[in-house]
Structure formats: structure tokens, C-alpha cells
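To keep things clear, I will list the structure first and then write my remarks on it.
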Number of protein chains: 2
Amino acid sequence: MSQPMSELVGPIHVIGTGLLGTSVGLAARRAGIEVWLSDSNREHVRTASGLGAGTPAPAEGAAQLTVVAVPPDHIPGAVVSALERGGVVTDVGSVKSLPLERIADQTDEAGLARYVGSHPMAGSERSGPLAATEALFDGRPWAITPHTHSAPEAIGLVEALAHLCGAEPVRLSPVEHDRAVARTSHLPHLLAVLTAAQLAEAQPEHLSLSGQGVRDVTRIAGGDPDMWTQILRSNHAAVGEILRDVQEDLARLVHVLASDDPGSLEEILTRGVTGTRAIPGKHGGPPLATASVFVSVPDNPGELARLFADVGEIGVNIEDLYIDHDPGRPVGLVELVVQDTAAESLRGSLETREWHTHR
Amino acid sequence: MSQPMSELVGPIHVIGTGLLGTSVGLAARRAGIEVWLSDSNREHVRTASGLGAGTPAPAEGAAQLTVVAVPPDHIPGAVVSALERGGVVTDVGSVKSLPLERIADQTDEAGLARYVGSHPMAGSERSGPLAATEALFDGRPWAITPHTHSAPEAIGLVEALAHLCGAEPVRLSPVEHDRAVARTSHLPHLLAVLTAAQLAEAQPEHLSLSGQGVRDVTRIAGGDPDMWTQILRSNHAAVGEILRDVQEDLARLVHVLASDDPGSLEEILTRGVTGTRAIPGKHGGPPLATASVFVSVPDNPGELARLFADVGEIGVNIEDLYIDHDPGRPVGLVELVVQDTAAESLRGSLETREWHTHR
């Protein structure tokens, strides 16, 4: 299924020097490839250029590959202009089908052959060139979404870009991609928003009972409403479909909760447990058998730093880490997630260093 | 509104030596108070006793204060028995109104005066005496939920228990408490479950696009379905009410998404942002102005430990920390959240130590 990789020699033209565009520029420059930079905001071009992401684009001439990294609503127009200028064109937008339709409406078949959409799974929560890093895509999935008319060489070139940036290409059709992100990104965002919206109306003293759970569930609901409006409208078909499924699940939940049917309620909750286990483990492998060590940390300056220094010296590999910081709690609880076979030894070493720990 | 604190001298009778009960025992023993332990599982009593949480309860005789820490469905029965044995009785269950009704049905007014429900906001995700720690409640909110007939001395004694355990009592009526946790705990749990349930049905290759957002939203959906069934059924009135509000919000979202109405969609998303900001900041104070420093960390054993050792030596106070571990990513991204004025200096110090950082 994979084409022989096309040789990416440059120049690469990055249109839109925000977080993603500037990071692509930095990664390409790291590989010694010439990068041209454009942005409607000239200051962003200067900043990105100053960071070493490339040089301001010449007024004309086709790059080998153009990467469109502008806000969602502006993607189709920018891709069409780039195709007119020449060369292979991709974009890094988070929705693929509807933008493709709009591009196809304004482009002939020969032009369209040079377009292949893509979507690196990185960086959506931050913005601006100053947040950019050549390491942004390292090891991340990068969806490559060819359409029926994409030329094999064009597909190969966009895959070469993903490799150049250190990412791992995952090939999906535009429709499949949009269904996948509706489920793994857009639905979680919207249910986080609905949960958070209920907090907006709560009495402050009720909110004093908030723990780590509600913080985790609602964190992504803090994302930029304008950008998310563009993303969600652009993927309204796939998102609408999954939201209607959730409406049915929710109606059933309301019914089961009101009726005396503990078995059905437990079934719904068990399906949730199954879902959490379906998310691939670290590095896409099967989930590692882990165990947690909890450490009580007084909330004084330097205490967490002292814990980190001790954990660093003990040298156990930390798989994951959570800091539980409930309001009103002068002592924080730090959860260190390690391979299950290492938990007892880590706990012992920390106790030796006079930390209060438990499992 | 607060009673003069009653003197808690013991003995305290802990019924149910799981995580919460054993932790109460450890905290009371730390203060030198005699603790009696009971559990239908005798091995749990032996374990808790071995940890220093108290001694097996005598066959008869009333403690000054009995703390019922059994699974939700068994709370009313255990409280009624404890009231018959004598002394003041509280429970640490996560729902208050319906259990109170059941207790009131089986107890005369004089007995009921000695009962005051409570709910420490701690530890729901773990279980068993081995997870216990005397520090479990340090600085946590502990809801105290007196009813109309609770005697002032009984209320004072339960507040004294919360203080003894290092927690901060928050007084609410049973109904108010149940509405508060419906919003801050039970609703987030159920929407996490509905999000996770959609993943259970996804194609594995679609799930390869999962990022940190969906992991955060669904994490609590991994909680024990049996225990959550008991909690949710016991609070079905308040949970049902808020779920019906969410049904309306969801219906409106589906409608707005299908119609060409970007303004209304952005309004819904903005309400979510407002909600995330309503959660009290660390220690209940106003949210601190923070900034994040992102550090790329190769996923080799010891690299994270080396980062922690460096952060420890640099000595900046870390407010919060996230590890981003997308599948397929050999380089992890660690987000260090610090006071905004400290971010640049932390970043500089880390760069000096050859870490790749960005904001």
C-alpha cells in the first residue's frame, strides 16, 4: 500500500507561521532543507525567521512542497492559491473531507492531483511561533489523507515530510480520518464542554467539593472557542452522527437511573471501563502492567523539587505522574506510576528518605 | 453557625476497614486516641490492625464516636446498628439524603439526634486497607451534613473528627451536598463513561489518533462499576435532574451544529471555558497566574529522573505537571506549570542543562 518514498529536497514553503507551521520549518531546517515562510501577520514571519525556521518567501516561484498551516476556515482558499503557484501542496488542518470538497470545487483534476491533506497529532492546545519546536512532531502520529485523485508522488512527498519531522505517518481516507477524530478528539472536547458548562452555574460553596476527577474531565474545555467553532463546523457531519449516538446512550442512562435496574446501570459503566482500556498504551504497544506509589508532599516551595531530586537519584523509570492539588489542601498528593515490579522498591527508597508514601 | 467543638477523646469505632476506615484509624491513633476496628472481612481487620490503625472491636460497649465506612449499599443498616449500640455515629459515604431517609425510617428521634452524616473528599479511586495512610485527608474538604434532628454536640464531635484527620470541614445540608457532588463528581463520571463507551466501538486504527485530551477526559471512567452503581443509584434524584439539563444542552448543541449558526456554537464553547475557570484554584484561593514550560524528554530509562533531578536542583516551585505520552512517541513532552514570573528563568536554566524546551 505504501509508495516508494519521494525525495524531499525542498524548497518547502510554509504558509502560516503559527505553532505548527514554524515547527515544520524548524524541523526542515534541521535537515538542511531550504524553507520559505509566509503569513498574513508579517511579525509572525519575522519571529519564525528569527527562530531559524526559514526565510521570508519570494514573491513568486513554486516550492517543491507547500505546507498550509493557517486557521481552519482559511485552509481551502490558501490551498487553492498554493496549487495555482505550483508544486505539491498539503495542509495540516484537523478536518479533511469538507475542506477537500471546497478545494476540488475550485481546482481542475491536474491541480488536484498535487494536493494531499494531512494532520499531525500535535500541539493543538498552544499557539503562536514562540511555542514552536523542531521536536513537536517527534514520534507523533501524522495522519496522511490522500483522495482518489492524489498522485502517488505527491502522497510520497507528504509522507516524506512527516518522516522528516520525526512523526509516524498513518494513512486514512479523508472520511475515515474525520470519523476517527470526531470520536477521539471532537466528542471528548464537547462532552468536556457540557460538563464544564454545568459548573459555570454552580454555587461557589458547592464547587469547593471539586476534586481531581472533574479537573481532568474538563481541562480541554478551556480551549479557544473561536478555533474550536471552526473545527467543529468543518466536521459537523461526523460529529453530528456521533453526538446522536451519545444522545441515545444518554437517554438510556437517564431511563436506567430512574428505574430500579442496577444491572443495566452497571452494564453501562462497564462499557466505559472497556473504552478506557481500548486507548492504545504508551508508544502504541499493549498497556504496560503498572502500579502507583502515592507520596504526600507538603505544599512549601521546594518540597516538590526535593521529591523530584530524590526520585531522580533513585533512578526508577517513571511511566506517568499526576499531582493532586485539591483546593484547601496544604499537602499535595503525587502519584508516581511505575512498572509494577518496581513499585515496592521505589516506595522503600522514598520511605528511607523520609517521604510519607502509600500504594 | 459553628458549635463549640466537642472534645473527641475516644474510643472511636471504625466499621469497615477499607481505605477510608483504615486511614481514619491511622489518623486517630496518631493523635493517641483508642480505635476499635470491625469489618465483615476479618482479614481486613488483621491487616488494618497490623498497620497500626487500632485493635479489633470488643463484642459490646459503645464508643464515643462510631465511623461507618462500608460500601454504599450497606451504610444505612450499619448506621442503624451502630446507633443501637450507642454513642455518636457518622458515615463517610459519598451520598447523604437517601441513606438518611432509610436510617430515619428505622430509628427513633433520640437515636437520630446522635447521627450526623459526613463525606471526606478523598480516596475514591483506590481501595483496601493497604492503600490507607494517616495523611489521606490532610487539607481536604470534608463535608459535614447535619440533618434537622442532629444534636449540636454530635455535629461538633464529627467536625472534631474531620479536624483530627487534618481535613477542613465544609457544612452543607444533605440535599445540598448531594446536588453539589452530582455536579462536581457524578456528572463528570457519567460523561467520561459516555465518551469512553464510544471508544469501545472504534476501529483500532482510528484509536491510534488518540492524544492526551481523550485520555484526560476518560480516565475516571475506569472506576469500579459496582461501587459506582451503588453511588449513582443512591443519588439518582440529583443526578437525574442534572442529566436532564445536560440532555437539553446536548440537544441544543446538535441543533446548532447542524444549522449554520457559528455564533451560537461559539457561545456554547465559551460557556465551557467559563466553567473550567469556576473550579477553585489550588488551596481554594483565586487561580494563580501561571505559565507552562514544555520540555522534550527522550523515553529512555532515567531521562525523566534526570529531568526531575535537574528541576529539583534549579529549585523553582512546580505548581502542576503533566506528562504527555502519545502512542508511538519516543520523546515525551513534560509540561511544567510554574508561576508566570518564574517561567523564563526555569526555561533558561533547563536550556543551560541541555534540555530542549519551549513555551
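FYI, nothing fancy with the C-alpha cells labels: chains A, B, ... in order, residues from 1 per chain, ligands from 1 as they appear.
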Contacts of B:Ile242 at 12 Å (only C-alpha atoms; same-chain gap of 6+ positions) as a ChimeraX atom specification: /A:194-195,197-199,201-202,250,254 /B:178-188,190-191,235-236,248-249
Please list as a list in words every residue within 9 Å of A:Ser38, counting only C-alpha atoms and excluding residues in the same chain fewer than 5 positions away.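 Here the qualifying residues turn out to be His13, Val14, Ile15, Gly16, Thr17, His44, Val45, Thr55, Pro56 and Ala57 of chain A.
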Same residues, N, CA and C atoms, saved as a compact mmCIF listing (two decimals), in the first residue's frame:
# COMPACT_ATOMS: atom_id res chain seq x y z
N HIS A 13 7.64 25.49 1.26
CA HIS A 13 7.01 26.78 1.52
C HIS A 13 5.98 26.61 2.64
N VAL A 14 6.24 27.21 3.78
CA VAL A 14 5.30 27.14 4.91
C VAL A 14 4.41 28.37 4.89
N ILE A 15 3.11 28.16 4.73
CA ILE A 15 2.15 29.28 4.75
C ILE A 15 1.40 29.25 6.08
N GLY A 16 1.65 30.26 6.90
CA GLY A 16 1.05 30.30 8.25
C GLY A 16 2.11 29.91 9.26
N THR A 17 2.72 30.92 9.89
CA THR A 17 3.86 30.63 10.78
C THR A 17 3.41 30.67 12.24
N HIS A 44 4.81 37.68 12.62
CA HIS A 44 4.99 36.24 12.84
C HIS A 44 6.09 35.69 11.92
N VAL A 45 6.15 36.18 10.68
CA VAL A 45 7.21 35.72 9.77
C VAL A 45 8.57 36.12 10.32
N THR A 55 13.30 31.54 5.75
CA THR A 55 13.43 32.94 5.33
C THR A 55 12.13 33.37 4.65
N PRO A 56 11.85 34.68 4.66
CA PRO A 56 10.60 35.15 4.03
C PRO A 56 10.49 34.63 2.59
N ALA A 57 9.30 34.20 2.19
CA ALA A 57 9.10 33.60 0.87
C ALA A 57 9.29 34.63 -0.23
Give the helix (DSSP H, G or I) residues of stretch 143-315 of chain B, as assigned by DSSP on the backbone, as a ChimeraX atom specification. /B:152-164,174-200,204-207,212-222,225-234,236-258,262-278,282-284,303-314
I'd like to know which of A:Ser23, A:Gln230, A:Thr148, A:Thr66 is closest to A:Ala82, using only C-alpha atoms.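 Using only C-alpha atoms, A:Ala82 sits closest to A:Thr66.
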Could you name the residues that touch B:Ala53 at 7 Å or less, counting only C-alpha atoms, but leaving out those on the same chain fewer than 2 positions away, as a ChimeraX atom specification? /B:22,25-26,29,48-49,51
Counting only C-alpha atoms, what is within 9 Å of A:Ala143, bar same-chain residues fewer than 5 positions away, as a list in words?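 My list of contacting residues is Gly117, Ser118, His119, Pro120, Met121, Ala162, Glu168, Pro169, Val170, Arg171, Leu172 and His177 of chain A; Leu209 of chain B.
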One decimal, Å: what's the distance from atom CA of B:Ser349 over to atom CA of B:Val337, could you say?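 So the answer is 15.1 Å.
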B:Ala258: which residues within 10 Å, counting only C-alpha atoms, same-chain residues fewer than 4 positions away excluded, as a ChimeraX atom specification? /A:233,236-237,239-240 /B:252-254
Contacts of stretch 110-229 of chain B with stretch 70-76 of chain B up to 10 Å, shortest pair per row, only C-alpha atoms, as CSV:
residue,atom,partner,partner_atom,distance
B:Asp226,CA,B:Pro71,CA,9.9
B:Met227,CA,B:Pro71,CA,7.3
B:Trp228,CA,B:Pro72,CA,9.1
B:Thr229,CA,B:Pro72,CA,9.4
Could you give me, as a PyMOL selection string, each residue of stretch 199-334 of chain A that DSSP assigns to strand (DSSP E) when run on this structure's backbone? chain A and resi 290-298+320-324+331-334
Emit the selected residues as a PDB file, in the first residue's frame, including C-alpha atoms.
ATOM      1  CA  THR A 290       1.953  -0.527  36.145  1.00  0.00           C
ATOM      2  CA  ALA A 291       1.460   0.294  39.795  1.00  0.00           C
ATOM      3  CA  SER A 292       1.186   3.613  41.554  1.00  0.00           C
ATOM      4  CA  VAL A 293       3.123   4.931  44.513  1.00  0.00           C
ATOM      5  CA  PHE A 294       1.453   7.868  46.267  1.00  0.00           C
ATOM      6  CA  VAL A 295       3.632  10.417  48.038  1.00  0.00           C
ATOM      7  CA  SER A 296       2.378  13.148  50.377  1.00  0.00           C
ATOM      8  CA  VAL A 297       4.175  16.401  49.616  1.00  0.00           C
ATOM      9  CA  PRO A 298       3.825  19.494  51.843  1.00  0.00           C
ATOM     10  CA  ASP A 320       3.390   8.690  34.328  1.00  0.00           C
ATOM     11  CA  LEU A 321       2.832  11.184  37.092  1.00  0.00           C
ATOM     12  CA  TYR A 322      -0.130  13.095  38.488  1.00  0.00           C
ATOM     13  CA  ILE A 323      -0.227  15.894  41.010  1.00  0.00           C
ATOM     14  CA  ASP A 324      -3.435  16.036  43.015  1.00  0.00           C
ATOM     15  CA  VAL A 331      -0.327  18.743  51.403  1.00  0.00           C
ATOM     16  CA  GLY A 332      -0.328  17.624  47.782  1.00  0.00           C
ATOM     17  CA  LEU A 333      -0.524  14.012  46.751  1.00  0.00           C
ATOM     18  CA  VAL A 334       1.830  12.987  43.959  1.00  0.00           C
TER      19      VAL A 334
END
So, with only C-alpha atoms as the atoms that count, which of B:Val79, B:Leu161, B:Val24, B:Ala69 lies closest to B:Val92?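 Selected residue with least distance to B:Val92: B:Ala69.
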For chain B, which residue out of A:Gln339, A:Ser150, A:Thr133, A:Thr145 is the nearest one, using only C-alpha atoms?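 Going through A:Gln339, A:Ser150, A:Thr133, A:Thr145 one by one, the smallest distance to chain B is for A:Thr133.
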Between atom CA of B:Gly223 and atom CA of B:Tyr115, what is the spacing in Å? 29.5 Å
I'd like the neighbourhood of A:Ala160 as number ranges by chain, where a residue qualifies if any of its atoms comes within 7 Å (using only C-alpha atoms), though same-chain residues fewer than 4 positions away should be ignored. A: 5-6, 8, 156, 164
Kindly indicate which residue among B:Thr352, B:Ser259, B:Thr341, B:Thr47 lies nearest to chain A, using only C-alpha atoms for the distances.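 For chain A, the nearest of the given residues is B:Ser259.
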Shortest interatomic distance to B:Gly272 - which of A:Pro225, A:Gly86, A:Pro146, A:Pro152, counting only C-alpha atoms: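 Nearest to B:Gly272: A:Pro225.
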Atom CA of B:Pro204 to atom CA of A:Ala154, straight-line distance in Å: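 Those two atoms sit 26.8 Å apart.
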Excluding same-chain residues fewer than 4 positions from A:Val80, what lies within 10 Å of it counting only C-alpha atoms, as an MDAnalysis selection string? chainID A and resid 75:76 84:85 89 102:107 111:112 115
Next, the residues of the selection above should be written as a PDB file, in the first residue's frame with C-alpha atoms.
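Dumped everything to part01.pdb:
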ATOM      1  CA  ILE A  75      -7.400  26.419   4.583  1.00  0.00           C
ATOM      2  CA  PRO A  76      -9.346  25.825   1.327  1.00  0.00           C
ATOM      3  CA  GLU A  84      -2.013  27.709  -8.612  1.00  0.00           C
ATOM      4  CA  ARG A  85       1.534  28.735  -7.727  1.00  0.00           C
ATOM      5  CA  VAL A  89       0.553  21.027  -1.567  1.00  0.00           C
ATOM      6  CA  ARG A 102     -14.166  23.103  -1.285  1.00  0.00           C
ATOM      7  CA  ILE A 103     -10.690  22.757  -2.825  1.00  0.00           C
ATOM      8  CA  ALA A 104     -11.986  20.359  -5.501  1.00  0.00           C
ATOM      9  CA  ASP A 105     -14.723  22.846  -6.468  1.00  0.00           C
ATOM     10  CA  GLN A 106     -12.092  25.429  -7.396  1.00  0.00           C
ATOM     11  CA  THR A 107      -9.332  23.253  -8.883  1.00  0.00           C
ATOM     12  CA  GLY A 111      -4.110  20.605  -9.916  1.00  0.00           C
ATOM     13  CA  LEU A 112      -5.983  18.373  -7.515  1.00  0.00           C
ATOM     14  CA  TYR A 115      -2.902  18.041  -3.252  1.00  0.00           C
TER      15      TYR A 115
END
